Amino acid sequence: MSDKREPCWYVVHTYSGYENKVKDTLEKSAKTNLKMQDLILDVRVPVEEVTEIRNGRRVKSQRKVYPGYVMVHMIETPESWYIVRNTRGVTGFVGPDSKPVPLTDAEVEMMLNPAPVGLECNLAIGEDVRIIAEGSLQNFPGTVIEVDPVLGRVKVHVQMFFNRTVDEWFNFEDVEKKEEE
């Protein structure tokens, strides 16, 4: 351990599911112990907002970007190392022999600000689908021609009567794969 007086970000390995408990415990330890307030500056569990489709509805939720890990912004001293290392649920620092290794600025930026994730789609370009959305195109067949996971929609080439076609955008939940006959 070094006696640096500059705060750095470190990654702490925890038991799976204990990330928020570790975060709360470390924050309470820093708040109640006057000496620790100046050493442990911030504790974060990186999360991202994801949109899922459940029961045909679009639902926004948060999920941990790195399950089993917590980020700690601290000044590394024997006291701060001891408090973090001996917090219930912590298995050690990420680094050789569980010794803390500070993250680079680029690593911190990447971990704290993850790229947005779009909806998961089980449709591919060229797949045959059936429109299930209520409206004038309900039950018409079509072919996926474009997928937009960020907005959660697909562009479908819909085949209508009298050999007429139309290209229309639909939400993921408004189309389903055509069953094999």
# chains A, B, ... in the order shown; residues from 1 in each chain; ligands from 1
>>> residues_around(residues="Lys60 (chain A)", least_positions_apart="2", cutoff="8 Å", atoms="only C-alpha atoms", output="ChimeraX atom specification")
/A:49-52,58,62
>>> select_by_dssp(residues="region 19-178 of chain A", states="strand (DSSP E or B)", output="JSON, numbers by chain")
{"A": [40, 41, 42, 43, 44, 47, 48, 49, 50, 51, 52, 53, 54, 57, 58, 59, 60, 61, 62, 63, 64, 69, 70, 71, 72, 73, 74, 90, 91, 92, 93, 128, 129, 130, 131, 141, 142, 143, 144, 145, 146, 147, 148, 153, 154, 155, 156, 157, 158, 159, 165, 166, 167, 168, 169, 170, 171, 175, 176, 177]}
>>> residues_around(residues="region 10-21 of chain A", least_positions_apart="6", cutoff="12 Å", atoms="only C-alpha atoms", output="compact mmCIF listing (two decimals) with C-alpha atoms, in the first residue's frame")
# COMPACT_ATOMS: atom_id res chain seq x y z
CA GLU A 27 -21.25 5.24 3.44
CA LYS A 28 -22.42 4.86 7.06
CA ILE A 40 -13.76 7.47 1.80
CA LEU A 41 -15.30 10.09 -0.47
CA ASP A 42 -17.81 8.21 -2.63
CA VAL A 43 -19.18 4.70 -3.10
CA ARG A 44 -21.10 3.64 -6.20
CA VAL A 45 -22.79 0.61 -7.67
CA PRO A 46 -22.83 1.27 -11.44
CA VAL A 47 -26.31 0.68 -12.87
CA ARG A 63 -29.73 -3.46 -13.58
CA LYS A 64 -26.24 -3.61 -12.21
CA VAL A 65 -23.61 -3.13 -14.89
CA TYR A 66 -21.01 -5.12 -12.93
CA PRO A 67 -22.75 -7.56 -10.57
CA GLY A 68 -20.54 -8.42 -7.60
CA TYR A 69 -18.53 -5.19 -7.77
CA VAL A 70 -18.65 -1.79 -6.06
CA MET A 71 -16.58 1.29 -6.90
CA VAL A 72 -14.99 3.24 -4.04
CA HIS A 73 -13.45 6.72 -4.38
CA MET A 74 -11.00 7.00 -1.52
CA ILE A 75 -7.60 8.04 -0.33
CA GLU A 76 -5.70 4.83 0.19
CA SER A 80 -9.29 3.15 4.74
CA TRP A 81 -8.03 -0.15 3.31
CA VAL A 84 -13.27 -1.36 3.16
CA ARG A 85 -11.62 -4.77 3.28
CA ASN A 86 -13.38 -5.73 6.52
CA THR A 87 -16.85 -4.56 5.53
CA ARG A 88 -19.39 -7.39 5.59
CA GLY A 89 -19.93 -8.74 2.08
CA VAL A 90 -16.56 -7.56 0.72
CA THR A 91 -14.25 -10.30 -0.51
CA GLY A 92 -11.38 -8.01 -1.48
CA PHE A 93 -10.09 -5.33 -3.78
CA VAL A 94 -9.64 -6.02 -7.47
CA GLY A 95 -5.92 -6.32 -8.03
CA SER A 98 -6.39 -8.32 -3.34
CA LYS A 99 -4.23 -5.20 -3.08
CA PRO A 100 -5.98 -2.05 -4.33
CA VAL A 101 -5.05 -0.90 -7.82
CA PRO A 102 -6.40 2.54 -8.76
CA LEU A 103 -8.43 2.87 -11.94
CA THR A 104 -7.33 5.16 -14.75
CA ASP A 105 -9.52 8.15 -15.65
CA GLU A 107 -11.66 3.25 -16.84
CA VAL A 108 -13.60 5.35 -14.33
CA MET A 111 -17.53 2.19 -15.65
CA LEU A 112 -19.56 5.08 -14.23
>>> select_by_dssp(residues="region 52-124 of chain A", states="alpha helix (DSSP H)", output="list in words")
Pro78, Glu79, Ser80, Trp81, Tyr82, Ile83, Val84, Arg85, Asp105, Ala106, Glu107, Val108, Glu109, Met110, Met111 and Leu112 of chain A
>>> write_last_selection(atoms="all heavy atoms", output="short mmCIF file (atom, residue, chain, number, x, y, z; two decimals), in the first residue's frame")
data_model
loop_
_atom_site.label_atom_id
_atom_site.label_comp_id
_atom_site.auth_asym_id
_atom_site.auth_seq_id
_atom_site.Cartn_x
_atom_site.Cartn_y
_atom_site.Cartn_z
N PRO A 78 -3.72 2.82 5.31
CA PRO A 78 -3.97 1.54 6.01
C PRO A 78 -5.35 1.52 6.68
O PRO A 78 -6.02 0.49 6.68
CB PRO A 78 -2.85 1.47 7.06
CG PRO A 78 -1.74 2.28 6.46
CD PRO A 78 -2.43 3.40 5.71
N GLU A 79 -5.81 2.68 7.18
CA GLU A 79 -7.13 2.72 7.85
C GLU A 79 -8.26 2.54 6.85
O GLU A 79 -9.20 1.77 7.08
CB GLU A 79 -7.31 4.06 8.59
CG GLU A 79 -6.36 4.27 9.75
CD GLU A 79 -5.02 4.86 9.31
OE1 GLU A 79 -4.88 5.32 8.16
OE2 GLU A 79 -4.09 4.83 10.14
N SER A 80 -8.21 3.26 5.72
CA SER A 80 -9.29 3.15 4.74
C SER A 80 -9.29 1.75 4.11
O SER A 80 -10.36 1.17 3.90
CB SER A 80 -9.17 4.23 3.65
OG SER A 80 -7.98 4.08 2.90
N TRP A 81 -8.12 1.21 3.86
CA TRP A 81 -8.03 -0.15 3.31
C TRP A 81 -8.68 -1.13 4.28
O TRP A 81 -9.44 -2.00 3.88
CB TRP A 81 -6.56 -0.51 3.08
CG TRP A 81 -6.35 -1.88 2.52
CD1 TRP A 81 -6.32 -2.23 1.21
CD2 TRP A 81 -6.15 -3.10 3.26
NE1 TRP A 81 -6.12 -3.60 1.07
CE2 TRP A 81 -6.01 -4.15 2.33
CE3 TRP A 81 -6.08 -3.40 4.61
CZ2 TRP A 81 -5.80 -5.47 2.70
CZ3 TRP A 81 -5.88 -4.72 4.98
CH2 TRP A 81 -5.74 -5.74 4.03
N TYR A 82 -8.38 -0.98 5.58
CA TYR A 82 -8.91 -1.88 6.59
C TYR A 82 -10.43 -1.80 6.66
O TYR A 82 -11.12 -2.83 6.72
CB TYR A 82 -8.29 -1.56 7.96
CG TYR A 82 -8.78 -2.48 9.05
CD1 TYR A 82 -8.19 -3.72 9.25
CD2 TYR A 82 -9.85 -2.10 9.87
CE1 TYR A 82 -8.65 -4.58 10.25
CE2 TYR A 82 -10.31 -2.96 10.86
CZ TYR A 82 -9.71 -4.19 11.04
OH TYR A 82 -10.16 -5.04 12.01
N ILE A 83 -10.97 -0.59 6.68
CA ILE A 83 -12.44 -0.41 6.77
C ILE A 83 -13.12 -1.06 5.58
O ILE A 83 -14.09 -1.81 5.73
CB ILE A 83 -12.80 1.10 6.83
CG1 ILE A 83 -12.36 1.70 8.16
CG2 ILE A 83 -14.30 1.31 6.61
CD1 ILE A 83 -13.15 1.24 9.37
N VAL A 84 -12.64 -0.80 4.36
CA VAL A 84 -13.27 -1.36 3.16
C VAL A 84 -13.11 -2.87 3.15
O VAL A 84 -14.08 -3.61 2.94
CB VAL A 84 -12.68 -0.73 1.88
CG1 VAL A 84 -13.21 -1.43 0.64
CG2 VAL A 84 -12.99 0.76 1.82
N ARG A 85 -11.91 -3.34 3.37
CA ARG A 85 -11.62 -4.77 3.28
C ARG A 85 -12.41 -5.58 4.30
O ARG A 85 -12.77 -6.73 4.05
CB ARG A 85 -10.11 -4.99 3.46
CG ARG A 85 -9.65 -6.42 3.36
CD ARG A 85 -9.87 -6.97 1.95
NE ARG A 85 -9.54 -8.37 1.88
CZ ARG A 85 -10.40 -9.38 2.07
NH1 ARG A 85 -11.64 -9.14 2.36
NH2 ARG A 85 -10.01 -10.63 1.97
N ASP A 105 -8.39 7.26 -15.38
CA ASP A 105 -9.52 8.15 -15.65
C ASP A 105 -10.44 7.57 -16.71
O ASP A 105 -11.67 7.66 -16.62
CB ASP A 105 -9.03 9.54 -16.07
CG ASP A 105 -8.37 10.28 -14.91
OD1 ASP A 105 -8.61 9.92 -13.75
OD2 ASP A 105 -7.61 11.24 -15.19
N ALA A 106 -9.86 6.95 -17.73
CA ALA A 106 -10.66 6.35 -18.82
C ALA A 106 -11.50 5.19 -18.29
O ALA A 106 -12.67 5.03 -18.67
CB ALA A 106 -9.76 5.89 -19.95
N GLU A 107 -10.91 4.37 -17.41
CA GLU A 107 -11.66 3.25 -16.84
C GLU A 107 -12.81 3.74 -15.96
O GLU A 107 -13.91 3.19 -16.00
CB GLU A 107 -10.72 2.36 -16.01
CG GLU A 107 -9.73 1.58 -16.85
CD GLU A 107 -8.65 0.90 -16.02
OE1 GLU A 107 -8.27 1.42 -14.94
OE2 GLU A 107 -8.17 -0.16 -16.46
N VAL A 108 -12.55 4.78 -15.18
CA VAL A 108 -13.60 5.35 -14.33
C VAL A 108 -14.75 5.87 -15.19
O VAL A 108 -15.92 5.59 -14.91
CB VAL A 108 -13.04 6.48 -13.44
CG1 VAL A 108 -14.16 7.22 -12.71
CG2 VAL A 108 -12.03 5.93 -12.45
N GLU A 109 -14.42 6.60 -16.23
CA GLU A 109 -15.45 7.16 -17.12
C GLU A 109 -16.28 6.04 -17.75
O GLU A 109 -17.51 6.12 -17.79
CB GLU A 109 -14.78 8.00 -18.22
CG GLU A 109 -15.74 8.63 -19.19
CD GLU A 109 -16.66 9.66 -18.56
OE1 GLU A 109 -16.27 10.29 -17.56
OE2 GLU A 109 -17.79 9.83 -19.07
N MET A 110 -15.62 4.99 -18.21
CA MET A 110 -16.32 3.88 -18.85
C MET A 110 -17.23 3.15 -17.85
O MET A 110 -18.35 2.78 -18.18
CB MET A 110 -15.33 2.89 -19.45
CG MET A 110 -15.98 1.71 -20.13
SD MET A 110 -14.84 0.37 -20.46
CE MET A 110 -14.53 -0.26 -18.83
N MET A 111 -16.76 2.96 -16.62
CA MET A 111 -17.53 2.19 -15.65
C MET A 111 -18.69 2.98 -15.06
O MET A 111 -19.75 2.42 -14.78
CB MET A 111 -16.62 1.69 -14.53
CG MET A 111 -15.65 0.61 -15.01
SD MET A 111 -14.58 0.00 -13.70
CE MET A 111 -15.70 -1.11 -12.88
N LEU A 112 -18.50 4.28 -14.84
CA LEU A 112 -19.56 5.08 -14.23
C LEU A 112 -20.58 5.58 -15.25
O LEU A 112 -21.70 5.93 -14.88
CB LEU A 112 -18.96 6.27 -13.47
CG LEU A 112 -18.18 5.90 -12.22
CD1 LEU A 112 -17.61 7.15 -11.56
CD2 LEU A 112 -19.05 5.14 -11.23
#
